[in-house]
$ cat query.cif   # mmCIF, C-alpha atoms
data_model
#
loop_
_atom_site.label_atom_id
_atom_site.label_comp_id
_atom_site.auth_asym_id
_atom_site.auth_seq_id
_atom_site.Cartn_x
_atom_site.Cartn_y
_atom_site.Cartn_z
CA MET A 1 -31.33 -23.88 85.84
CA PRO A 2 -32.55 -20.26 85.72
CA GLY A 3 -29.02 -18.90 85.22
CA ARG A 4 -28.50 -21.11 82.17
CA VAL A 5 -31.84 -20.10 80.66
CA ASP A 6 -31.00 -16.40 81.11
CA ASN A 7 -27.61 -16.88 79.47
CA ARG A 8 -29.16 -18.69 76.52
CA ARG A 9 -31.70 -15.87 76.14
CA VAL A 10 -28.96 -13.26 76.19
CA ASN A 11 -26.88 -15.21 73.68
CA ASP A 12 -29.91 -15.73 71.44
CA LEU A 13 -30.77 -12.05 71.49
CA GLU A 14 -27.18 -11.09 70.72
CA THR A 15 -27.09 -13.58 67.83
CA ARG A 16 -30.33 -12.25 66.36
CA ALA A 17 -29.12 -8.66 66.76
CA ALA A 18 -25.83 -9.46 65.02
CA ALA A 19 -27.70 -11.14 62.18
CA ALA A 20 -29.96 -8.14 61.80
CA ARG A 21 -27.16 -5.56 61.56
CA PRO A 22 -26.28 -6.15 57.88
CA GLY A 23 -29.89 -5.29 57.01
CA ALA A 24 -29.94 -2.10 59.06
CA LEU A 25 -28.63 0.06 56.21
CA ARG A 26 -31.05 -1.56 53.79
CA ARG A 27 -33.91 -0.82 56.14
CA ALA A 28 -32.84 2.82 56.48
CA ALA A 29 -32.16 3.23 52.74
CA PRO A 30 -35.46 4.94 51.82
CA ALA A 31 -34.96 7.51 54.57
CA LEU A 32 -31.33 8.14 53.65
CA LEU A 33 -32.04 8.40 49.91
CA GLY A 34 -34.92 10.77 50.57
CA TYR A 35 -32.75 12.84 52.87
CA ALA A 36 -29.93 13.00 50.32
CA ALA A 37 -32.39 14.11 47.63
CA VAL A 38 -33.72 16.94 49.80
CA ARG A 39 -30.24 18.14 50.67
CA ALA A 40 -29.12 17.91 47.04
CA LEU A 41 -32.10 20.03 46.02
CA GLY A 42 -31.17 22.59 48.65
CA LEU A 43 -27.58 22.77 47.42
CA VAL A 44 -28.61 23.11 43.76
CA VAL A 45 -31.05 25.91 44.53
CA LEU A 46 -28.42 27.64 46.67
CA ALA A 47 -25.85 27.40 43.87
CA LEU A 48 -28.24 28.87 41.30
CA TRP A 49 -29.46 31.60 43.64
CA SER A 50 -25.93 32.56 44.67
CA GLU A 51 -24.72 32.59 41.06
CA ALA A 52 -27.53 34.99 40.14
CA ARG A 53 -26.39 37.30 42.94
CA GLY A 54 -22.72 37.06 42.07
CA LYS A 55 -21.81 35.10 45.21
CA SER A 56 -20.11 31.77 45.83
CA ALA A 57 -22.41 29.16 47.32
CA TYR A 58 -19.40 27.18 48.55
CA THR A 59 -18.06 30.24 50.39
CA LEU A 60 -21.45 30.72 52.05
CA LEU A 61 -21.33 27.09 53.20
CA THR A 62 -17.73 26.95 54.38
CA ALA A 63 -16.26 30.40 54.98
CA ARG A 64 -18.85 32.58 56.66
CA TRP A 65 -19.98 33.17 60.24
CA ASP A 66 -19.15 30.34 62.70
CA SER A 67 -17.46 28.19 60.05
CA LEU A 68 -14.61 30.73 59.95
CA TRP A 69 -14.12 30.39 63.71
CA TYR A 70 -14.02 26.60 63.48
CA THR A 71 -11.44 26.58 60.68
CA ARG A 72 -9.32 29.11 62.56
CA VAL A 73 -9.29 26.81 65.59
CA ALA A 74 -8.34 23.89 63.33
CA GLU A 75 -5.50 25.83 61.74
CA LEU A 76 -4.11 27.90 64.62
CA GLY A 77 -5.51 26.36 67.78
CA TYR A 78 -7.12 28.27 70.61
CA GLY A 79 -6.18 31.74 71.77
CA TYR A 80 -7.56 33.95 68.98
CA GLU A 81 -9.96 36.70 69.98
CA VAL A 82 -11.55 39.84 68.56
CA ARG A 83 -12.07 42.93 70.70
CA LEU A 84 -15.03 45.01 69.58
CA PRO A 85 -15.34 48.80 69.98
CA ASN A 86 -18.05 48.35 72.65
CA GLY A 87 -15.64 46.34 74.80
CA ASP A 88 -16.97 42.87 74.01
CA VAL A 89 -14.36 40.15 73.54
CA HIS A 90 -15.12 37.37 71.05
CA SER A 91 -12.82 34.47 71.91
CA ASN A 92 -12.57 31.27 69.91
CA LEU A 93 -12.65 29.41 73.23
CA ALA A 94 -16.45 29.63 72.89
CA PHE A 95 -16.28 26.98 70.14
CA PHE A 96 -16.03 23.37 71.28
CA PRO A 97 -13.19 21.34 69.76
CA LEU A 98 -14.54 18.18 68.11
CA LEU A 99 -15.37 19.72 64.72
CA PRO A 100 -12.01 21.56 64.47
CA TRP A 101 -10.23 18.35 65.43
CA LEU A 102 -11.99 16.51 62.61
CA GLU A 103 -11.21 19.34 60.19
CA ARG A 104 -7.56 19.11 61.15
CA LEU A 105 -7.61 15.33 60.72
CA ALA A 106 -9.20 15.64 57.27
CA ALA A 107 -6.53 18.14 56.22
CA ALA A 108 -3.76 15.92 57.58
CA VAL A 109 -4.78 12.76 55.71
CA SER A 110 -5.99 14.34 52.44
CA PRO A 111 -5.39 17.34 50.17
CA LEU A 112 -8.47 19.03 51.61
CA SER A 113 -8.24 22.43 53.28
CA TYR A 114 -9.62 22.92 56.77
CA ALA A 115 -12.77 24.50 55.29
CA ASP A 116 -13.12 21.61 52.84
CA GLY A 117 -12.74 19.19 55.72
CA GLY A 118 -15.48 20.94 57.66
CA PHE A 119 -17.81 20.69 54.66
CA VAL A 120 -17.12 16.98 54.18
CA VAL A 121 -17.51 16.27 57.89
CA SER A 122 -20.86 18.05 57.93
CA LEU A 123 -22.13 16.20 54.86
CA LEU A 124 -21.17 12.82 56.31
CA ALA A 125 -22.43 13.76 59.77
CA SER A 126 -25.77 14.90 58.34
CA LEU A 127 -26.26 11.45 56.79
CA ALA A 128 -25.26 9.83 60.10
CA ALA A 129 -27.74 12.11 61.87
CA ALA A 130 -30.50 11.17 59.43
CA TRP A 131 -29.75 7.48 60.02
CA GLY A 132 -29.77 7.99 63.79
CA ILE A 133 -33.09 9.84 63.67
CA PHE A 134 -34.51 7.01 61.56
CA ALA A 135 -33.20 4.40 63.98
CA VAL A 136 -34.87 6.08 66.95
CA ALA A 137 -38.19 6.69 65.18
CA ASP A 138 -38.23 3.24 63.56
CA ARG A 139 -37.67 1.57 66.90
CA LEU A 140 -40.48 3.48 68.57
CA TYR A 141 -43.07 3.85 65.81
CA GLY A 142 -42.07 1.76 62.79
CA ARG A 143 -40.24 2.17 59.51
CA ARG A 144 -42.70 4.50 57.78
CA ALA A 145 -42.69 6.93 60.70
CA GLY A 146 -38.89 6.74 60.70
CA VAL A 147 -38.75 7.80 57.05
CA CYS A 148 -41.18 10.65 57.73
CA ALA A 149 -39.14 11.84 60.73
CA VAL A 150 -35.96 12.02 58.63
CA LEU A 151 -37.68 13.90 55.82
CA LEU A 152 -39.24 16.34 58.27
CA TRP A 153 -35.81 17.05 59.71
CA ALA A 154 -34.44 17.52 56.18
CA VAL A 155 -37.10 20.05 55.13
CA LEU A 156 -36.84 22.30 58.16
CA PRO A 157 -36.72 25.95 57.01
CA VAL A 158 -33.11 26.20 58.23
CA GLY A 159 -32.21 22.74 56.95
CA ILE A 160 -29.44 24.21 54.78
CA VAL A 161 -27.38 24.48 57.98
CA GLN A 162 -27.12 20.69 57.87
CA SER A 163 -24.86 21.13 54.81
CA MET A 164 -22.73 23.93 56.26
CA ALA A 165 -19.36 23.61 57.97
CA TYR A 166 -21.17 24.07 61.28
CA SER A 167 -21.38 21.67 64.20
CA GLU A 168 -25.17 21.12 64.22
CA SER A 169 -25.11 18.03 61.99
CA LEU A 170 -22.23 16.46 63.90
CA PHE A 171 -23.92 17.11 67.21
CA THR A 172 -27.30 15.77 66.04
CA ALA A 173 -25.66 12.59 64.76
CA LEU A 174 -23.95 11.94 68.09
CA ALA A 175 -27.09 12.82 70.06
CA ALA A 176 -29.40 10.62 67.96
CA TRP A 177 -27.17 7.58 68.18
CA ALA A 178 -26.57 8.16 71.90
CA LEU A 179 -30.33 8.17 72.44
CA TYR A 180 -30.69 5.04 70.34
CA ALA A 181 -28.00 3.38 72.42
CA VAL A 182 -29.94 4.23 75.58
CA LEU A 183 -33.16 2.89 74.06
CA THR A 184 -31.44 -0.40 73.28
CA GLY A 185 -29.64 -0.74 76.60
CA ARG A 186 -26.14 -0.11 75.23
CA TRP A 187 -25.04 2.04 78.12
CA VAL A 188 -21.31 2.25 77.47
CA THR A 189 -21.90 3.24 73.86
CA ALA A 190 -24.41 5.83 75.01
CA GLY A 191 -21.89 7.26 77.47
CA LEU A 192 -19.12 7.45 74.87
CA LEU A 193 -21.37 9.18 72.33
CA ALA A 194 -22.67 11.58 74.98
CA GLY A 195 -19.07 12.41 75.87
CA LEU A 196 -18.31 13.19 72.23
CA ALA A 197 -21.48 15.27 71.95
CA GLY A 198 -20.22 17.22 74.96
CA LEU A 199 -17.07 18.03 72.98
CA THR A 200 -19.15 19.35 70.08
CA ARG A 201 -21.52 22.01 71.41
CA PRO A 202 -22.48 23.48 74.80
CA VAL A 203 -25.89 21.86 74.39
CA GLY A 204 -24.13 18.52 74.82
CA LEU A 205 -25.49 18.91 78.34
CA ALA A 206 -28.83 17.74 76.92
CA VAL A 207 -27.40 14.36 75.87
CA VAL A 208 -25.71 13.93 79.25
CA ALA A 209 -28.98 14.75 81.00
CA ALA A 210 -30.83 12.18 78.87
CA VAL A 211 -28.36 9.39 79.70
CA TRP A 212 -28.44 10.23 83.39
CA ALA A 213 -32.23 10.50 83.51
CA ALA A 214 -32.62 7.08 81.91
CA GLY A 215 -29.96 5.59 84.16
CA VAL A 216 -31.44 6.97 87.38
CA ALA A 217 -34.92 5.87 86.31
CA ALA A 218 -33.60 2.36 85.65
CA PHE A 219 -32.01 2.15 89.11
CA LEU A 220 -35.24 3.38 90.72
CA ARG A 221 -37.27 0.78 88.86
CA GLU A 222 -34.88 -1.96 89.89
CA ARG A 223 -35.17 -0.86 93.48
CA SER A 224 -38.96 -0.79 93.37
CA GLY A 225 -39.11 -4.06 91.44
CA SER A 226 -41.35 -2.59 88.75
CA SER A 227 -41.24 -3.26 85.02
CA PHE A 228 -38.21 -2.00 83.17
CA VAL A 229 -40.23 0.02 80.68
CA GLY A 230 -40.68 3.77 80.49
CA ASP A 231 -37.18 5.02 81.18
CA GLY A 232 -36.31 4.35 77.57
CA SER A 233 -33.51 1.88 78.10
CA ALA A 234 -35.70 -1.06 77.21
CA VAL A 235 -37.94 0.33 74.56
CA PRO A 236 -39.51 -2.21 72.44
CA ALA A 237 -39.38 -3.90 69.24
CA GLY A 238 -42.59 -5.79 69.66
CA GLY A 239 -45.62 -5.42 67.45
CA ALA A 240 -45.75 -4.88 63.73
CA ARG A 241 -42.74 -2.89 62.57
CA ASP A 242 -44.47 -1.28 59.60
CA GLY A 243 -47.89 -0.34 60.82
CA GLY A 244 -49.52 -3.78 60.85
CA HIS A 245 -52.38 -4.75 63.12
CA ALA A 246 -50.18 -6.12 65.87
CA GLY A 247 -48.61 -3.90 68.49
CA PRO A 248 -49.72 -0.86 70.48
CA PRO A 249 -52.10 1.90 69.39
CA SER A 250 -50.82 4.15 66.62
CA GLY A 251 -48.77 7.03 67.96
CA ALA A 252 -47.71 5.26 71.15
CA PRO A 253 -44.16 3.90 71.56
CA ARG A 254 -43.99 0.12 71.43
CA THR A 255 -43.32 -1.86 74.59
CA GLY A 256 -41.47 -5.10 75.16
CA ALA A 257 -37.93 -6.44 75.22
CA PRO A 258 -35.35 -4.53 73.20
CA ASP A 259 -33.60 -6.11 70.24
CA GLY A 260 -30.07 -6.99 71.25
CA ALA A 261 -30.42 -5.56 74.76
CA PRO A 262 -30.35 -7.78 77.84
CA PRO A 263 -33.83 -9.17 78.58
CA SER A 264 -33.69 -7.99 82.17
CA PRO A 265 -32.07 -5.09 84.03
CA HIS A 266 -30.82 -7.70 86.49
CA ALA A 267 -28.83 -9.64 83.85
CA PRO A 268 -25.13 -9.98 84.77
CA GLY A 269 -23.12 -6.87 84.03
CA VAL A 270 -26.03 -4.63 83.07
CA ARG A 271 -25.84 -2.50 86.20
CA LEU A 272 -22.06 -2.10 85.88
CA ARG A 273 -22.34 -1.08 82.20
CA ARG A 274 -25.02 1.43 83.12
CA VAL A 275 -22.80 3.00 85.78
CA VAL A 276 -19.86 3.14 83.36
CA GLY A 277 -22.01 4.78 80.71
CA MET A 278 -23.30 7.38 83.14
CA LEU A 279 -19.78 8.18 84.29
CA LEU A 280 -18.49 8.51 80.72
CA ALA A 281 -21.33 10.77 79.54
CA PRO A 282 -20.25 14.10 81.13
CA LEU A 283 -16.50 13.72 80.57
CA GLY A 284 -16.36 15.53 77.23
CA ALA A 285 -18.21 18.68 78.24
CA ALA A 286 -16.71 18.75 81.73
CA GLY A 287 -13.21 18.26 80.39
CA TYR A 288 -13.43 21.13 77.92
CA VAL A 289 -15.13 23.52 80.35
CA LEU A 290 -12.50 22.79 83.02
CA TRP A 291 -9.71 23.23 80.46
CA VAL A 292 -11.11 26.62 79.41
CA GLY A 293 -11.40 27.64 83.05
CA ASP A 294 -7.78 26.70 83.68
CA ARG A 295 -6.57 28.46 80.53
CA THR A 296 -8.44 31.70 81.28
CA GLY A 297 -7.86 31.61 85.02
CA GLY A 298 -11.58 31.77 85.58
CA GLY A 299 -11.89 28.38 87.25
CA LEU A 300 -15.27 26.67 87.04
CA LEU A 301 -16.87 29.85 85.69
CA GLY A 302 -14.21 30.51 83.07
CA TYR A 303 -16.30 29.22 80.17
CA LEU A 304 -19.26 31.35 81.27
CA ASP A 305 -16.97 34.37 81.18
CA VAL A 306 -16.00 33.49 77.61
CA GLN A 307 -19.66 33.25 76.62
CA ALA A 308 -20.38 36.54 78.37
CA GLY A 309 -17.86 38.15 76.01
CA TRP A 310 -20.19 37.10 73.20
CA ARG A 311 -23.18 38.39 75.24
CA ASN A 312 -24.42 34.83 75.54
CA GLY A 313 -26.16 33.75 78.72
CA PHE A 314 -29.25 32.10 80.15
CA ASP A 315 -31.93 34.46 81.46
CA GLY A 316 -35.01 32.25 81.30
CA GLY A 317 -36.16 33.82 78.04
CA TYR A 318 -36.51 37.38 79.36
CA ALA A 319 -34.35 38.99 76.65
CA PHE A 320 -36.03 36.95 73.93
CA ALA A 321 -39.46 38.00 75.19
CA LEU A 322 -38.39 41.65 75.02
CA PHE A 323 -37.05 41.07 71.52
CA VAL A 324 -40.35 39.58 70.38
CA ALA A 325 -42.35 42.35 72.03
CA GLY A 326 -40.19 44.90 70.22
CA ARG A 327 -41.34 43.51 66.87
CA PHE A 328 -44.85 44.82 67.56
CA THR A 329 -43.83 48.49 67.62
CA SER A 330 -44.53 48.97 63.90
CA PHE A 331 -46.64 47.25 61.29
CA PRO A 332 -44.05 45.56 59.05
CA SER A 333 -42.06 44.18 61.97
CA ALA A 334 -45.29 43.10 63.69
CA LEU A 335 -45.64 40.36 61.08
CA ALA A 336 -42.27 39.01 62.17
CA GLY A 337 -43.46 39.24 65.77
CA VAL A 338 -46.54 37.18 64.99
CA ALA A 339 -44.38 34.60 63.21
CA LEU A 340 -42.09 34.36 66.26
CA VAL A 341 -45.02 33.89 68.64
CA VAL A 342 -46.54 31.22 66.40
CA GLY A 343 -43.16 29.49 66.08
CA VAL A 344 -42.58 29.37 69.84
CA ALA A 345 -46.16 28.18 70.41
CA LEU A 346 -45.63 25.41 67.84
CA VAL A 347 -42.44 24.24 69.55
CA VAL A 348 -44.15 24.18 72.95
CA TRP A 349 -47.20 22.39 71.52
CA LEU A 350 -45.00 19.72 69.92
CA TYR A 351 -43.21 19.12 73.20
CA VAL A 352 -46.55 18.79 75.02
CA LEU A 353 -47.59 16.23 72.39
CA CYS A 354 -44.39 14.29 73.02
CA VAL A 355 -45.17 14.18 76.73
CA ARG A 356 -48.84 13.27 76.30
CA ARG A 357 -48.06 10.46 73.88
CA GLY A 358 -45.62 8.79 76.24
CA GLN A 359 -42.33 9.43 74.50
CA PRO A 360 -39.50 7.67 76.39
CA LEU A 361 -37.94 9.65 79.22
CA PRO A 362 -34.48 10.15 77.64
CA LEU A 363 -36.03 11.69 74.52
CA LEU A 364 -38.21 14.00 76.60
CA VAL A 365 -35.27 15.12 78.72
CA TYR A 366 -33.07 15.65 75.68
CA ALA A 367 -35.63 17.58 73.63
CA GLY A 368 -36.74 19.61 76.64
CA THR A 369 -33.19 20.62 77.51
CA VAL A 370 -32.31 21.57 73.92
CA THR A 371 -35.52 23.60 73.65
CA ALA A 372 -35.02 25.37 76.97
CA LEU A 373 -31.40 26.27 76.20
CA ALA A 374 -32.35 27.58 72.75
CA LEU A 375 -35.38 29.63 73.75
CA CYS A 376 -33.98 30.95 77.01
CA ALA A 377 -30.59 32.11 75.72
CA SER A 378 -30.15 35.85 76.12
CA SER A 379 -28.62 36.69 72.74
CA TYR A 380 -28.43 35.84 69.03
CA PHE A 381 -32.19 35.66 68.59
CA GLY A 382 -31.87 35.00 64.87
CA SER A 383 -29.96 31.80 65.67
CA LYS A 384 -32.77 30.17 67.63
CA PRO A 385 -34.22 28.18 64.69
CA ARG A 386 -30.88 26.48 64.02
CA LEU A 387 -30.26 26.00 67.75
CA LEU A 388 -33.56 24.12 67.89
CA MET A 389 -32.67 21.93 64.91
CA PRO A 390 -31.05 19.14 67.01
CA ALA A 391 -34.32 18.72 68.98
CA PHE A 392 -35.55 16.09 66.49
CA PRO A 393 -37.80 14.23 69.00
CA LEU A 394 -40.19 17.17 68.63
CA LEU A 395 -40.82 15.99 65.06
CA LEU A 396 -41.87 12.47 66.03
CA PRO A 397 -45.58 13.23 66.68
CA LEU A 398 -45.80 14.84 63.23
CA ALA A 399 -43.93 11.89 61.71
CA VAL A 400 -46.41 9.43 63.22
CA ALA A 401 -49.32 11.46 61.86
CA LEU A 402 -47.78 11.72 58.38
CA ALA A 403 -47.05 8.00 58.35
CA ARG A 404 -50.81 7.38 58.19
CA ALA A 405 -51.25 9.49 55.04
CA ARG A 406 -51.53 8.06 51.54
CA THR A 407 -48.16 7.65 49.89
CA ARG A 408 -48.92 9.87 46.87
CA LEU A 409 -50.36 12.66 48.98
CA LEU A 410 -47.45 12.42 51.42
CA ALA A 411 -44.87 12.50 48.62
CA ALA A 412 -46.49 15.49 46.93
CA GLY A 413 -46.65 17.42 50.18
CA LEU A 414 -43.03 16.69 51.09
CA VAL A 415 -41.81 17.67 47.62
CA ALA A 416 -43.60 21.01 47.89
CA VAL A 417 -42.22 21.66 51.38
CA ALA A 418 -38.72 20.61 50.28
CA ALA A 419 -38.86 23.11 47.41
CA GLY A 420 -39.95 25.85 49.81
CA SER A 421 -37.19 24.92 52.26
CA ALA A 422 -34.57 24.98 49.50
CA ALA A 423 -35.71 28.41 48.33
CA TYR A 424 -35.77 29.79 51.85
CA GLY A 425 -32.32 28.38 52.60
CA ALA A 426 -30.87 30.03 49.50
CA PHE A 427 -32.55 33.33 50.33
CA TRP A 428 -31.41 33.12 53.95
CA LEU A 429 -27.74 32.39 53.24
CA ASN A 430 -27.60 35.09 50.59
CA GLY A 431 -29.07 37.51 53.09
CA SER A 432 -28.63 37.68 56.85
CA GLY A 433 -27.72 34.02 57.21
CA PRO A 434 -27.08 32.23 60.51
CA PRO A 435 -25.06 34.39 62.91
#
$ encode --input "query.cif" --output "structure tokens"
Amino acid sequence: MPGRVDNRRVNDLETRAAAARPGALRRAAPALLGYAAVRALGLVVLALWSEARGKSAYTLLTARWDSLWYTRVAELGYGYEVRLPNGDVHSNLAFFPLLPWLERLAAAVSPLSYADGGFVVSLLASLAAAWGIFAVADRLYGRRAGVCAVLLWAVLPVGIVQSMAYSESLFTALAAWALYAVLTGRWVTAGLLAGLAGLTRPVGLAVVAAVWAAGVAAFLRERSGSSFVGDGSAVPAGGARDGGHAGPPSGAPRTGAPDGAPPSPHAPGVRLRRVVGMLLAPLGAAGYVLWVGDRTGGGLLGYLDVQAGWRNGFDGGYAFALFVAGRFTSFPSALAGVALVVGVALVVWLYVLCVRRGQPLPLLVYAGTVTALALCASSYFGSKPRLLMPAFPLLLPLAVALARARTRLLAAGLVAVAAGSAAYGAFWLNGSGPP
């Protein structure tokens, strides 16, 4: 009977997926080892550079800028604020709670301080993020592209932030694995991870949007009776996994039934799990925003009022455009202006490539939302590179292209870029650093 055949197929897929899990870490090992090497290089260069300048590298990583606000939340809770002479109010309610909670947990179960806990959490989260990025890229484009995607993320000019007691690594880890869960049809897991991402940073909205976009697309496809491919919840494992002759053209996501996911959107329970995942996804961000509104008396707009005290807002990029234009008023600063224009153009070009090459809908929604929120924020222009760092799907077209290169040439190029990234990170943290 058809029902029995479907059940056997589901059970067979689940059995094969369970058998494959022990090898998942082994498969990701080259990416994780390469990532760890890049980050270790960055930390060594930072330590040497800081020592030469009479500074503490560990202090730069754990007790400067936002990391101080996170540890203060972990130690004292919410309610601390700084009133500036110009009337601005910097409240620690602007900082989402998951990282401080983990810092507090680390301090409670170990001799670590809150700052130490933040450092350890970030190091572990950065490895989890690297693994999640690999998992997404490997599923779509193969193992070699997955390794390249992780190394590209590691050698970003502001990659040193991945080792700081900041929330970027934690957020990227949750976002990457949430997207992977959507790609493999694990809707409840995707919803839970999206909810946690929403407790980590305001840009958690991007993960929620990705889950909802994939879910709505799946319902629409069910209703129209079309193939369950393209919304990202059934992205494929077919074809050669490592660039063999089988499978789709190079650079295009693979199509077919997902490993471990139900073979059909109409399988029993799939629709219910999808609904549950979609309902879970916004709970983290919504819960914190509503709590802040209740605490401040500002209602639904309370969190926006808190951000306004930091002069943060969303103006469609108008303030950033004025900032960039202001760089062209004199010759030395004009070079920075050119670099900013080239950087924004590169980000936009990469996103266009993602669209043209058929990246799954949840990745496009996620990367597009992260990019829009970063580029169109009305303040902290120097922070935009690190705010863009979680938008790892933008790196996938480059990863696919690099995966075709000869191994020796690829390794030499990545080593050179890693050295440049390490030097820039040390220079950056010993200078202006991330606000």
$ resolve_selection --input "query.cif" --expression "the PyMOL selection byres ((chain A and resi 179) around 8)" --output "list in words"
Val136, Ala175, Ala176, Trp177, Ala178, Tyr180, Ala181, Val182, Leu183, Ala190, Val207, Ala210, Val211, Pro362 and Leu363 of chain A
$ closest_residue --input "query.cif" --among "A:Ala115, A:Leu290, A:Val208, A:Leu394" --to "Ile133 of chain A" --atoms "all atoms listed in the file"
A:Leu394
$ residues_around --input "query.cif" --residues "Leu151 of chain A" --least-positions-apart "2" --cutoff "12 Å" --atoms "all atoms listed in the file" --output "PyMOL selection string"
chain A and resi 30-39+127+129-131+133-134+137+144-149+153-156+159+392+395-396+398-399+402-403+410-411+413-415+417-418+421
$ write_last_selection --input "query.cif" --atoms "C-alpha atoms" --output "tab-separated table (two decimals), in the frame of the given file"
chain	number	residue	atom	x	y	z
A	30	PRO	CA	-35.46	4.94	51.82
A	31	ALA	CA	-34.96	7.51	54.57
A	32	LEU	CA	-31.33	8.14	53.65
A	33	LEU	CA	-32.04	8.40	49.91
A	34	GLY	CA	-34.92	10.77	50.57
A	35	TYR	CA	-32.75	12.84	52.87
A	36	ALA	CA	-29.93	13.00	50.32
A	37	ALA	CA	-32.39	14.11	47.63
A	38	VAL	CA	-33.72	16.94	49.80
A	39	ARG	CA	-30.24	18.14	50.67
A	127	LEU	CA	-26.26	11.45	56.79
A	129	ALA	CA	-27.74	12.11	61.87
A	130	ALA	CA	-30.50	11.17	59.43
A	131	TRP	CA	-29.75	7.48	60.02
A	133	ILE	CA	-33.09	9.84	63.67
A	134	PHE	CA	-34.51	7.01	61.56
A	137	ALA	CA	-38.19	6.69	65.18
A	144	ARG	CA	-42.70	4.50	57.78
A	145	ALA	CA	-42.69	6.93	60.70
A	146	GLY	CA	-38.89	6.74	60.70
A	147	VAL	CA	-38.75	7.80	57.05
A	148	CYS	CA	-41.18	10.65	57.73
A	149	ALA	CA	-39.14	11.84	60.73
A	153	TRP	CA	-35.81	17.05	59.71
A	154	ALA	CA	-34.44	17.52	56.18
A	155	VAL	CA	-37.10	20.05	55.13
A	156	LEU	CA	-36.84	22.30	58.16
A	159	GLY	CA	-32.21	22.74	56.95
A	392	PHE	CA	-35.55	16.09	66.49
A	395	LEU	CA	-40.82	15.99	65.06
A	396	LEU	CA	-41.87	12.47	66.03
A	398	LEU	CA	-45.80	14.84	63.23
A	399	ALA	CA	-43.93	11.89	61.71
A	402	LEU	CA	-47.78	11.72	58.38
A	403	ALA	CA	-47.05	8.00	58.35
A	410	LEU	CA	-47.45	12.42	51.42
A	411	ALA	CA	-44.87	12.50	48.62
A	413	GLY	CA	-46.65	17.42	50.18
A	414	LEU	CA	-43.03	16.69	51.09
A	415	VAL	CA	-41.81	17.67	47.62
A	417	VAL	CA	-42.22	21.66	51.38
A	418	ALA	CA	-38.72	20.61	50.28
A	421	SER	CA	-37.19	24.92	52.26
$ closest_residue --input "query.cif" --among "A:Ala24, A:Leu124, A:Leu196, A:Val370" --to "Leu280 of chain A" --atoms "all atoms listed in the file"
A:Leu196
$ residues_near_point --input "query.cif" --point "(-33.0, 24.3, 75.4)" --cutoff "12 Å" --atoms "all atoms listed in the file" --output "number ranges by chain"
A: 202-207, 209, 314-317, 347-348, 351, 364-378, 384-391
$ atom_distance --input "query.cif" --atom1 "atom CA of Asn92 of chain A" --atom2 "atom CA of Val73 of chain A"
7.0 Å
$ resolve_selection --input "query.cif" --expression "the PyMOL selection byres ((chain A and resi 305) around 12)" --output "list in words"
Asp88, Val89, His90, Ser91, Leu93, Ala94, Val289, Val292, Gly293, Arg295, Thr296, Gly297, Gly298, Gly299, Leu300, Leu301, Gly302, Tyr303, Leu304, Val306, Gln307, Ala308, Gly309, Trp310, Arg311, Asn312 and Gly313 of chain A
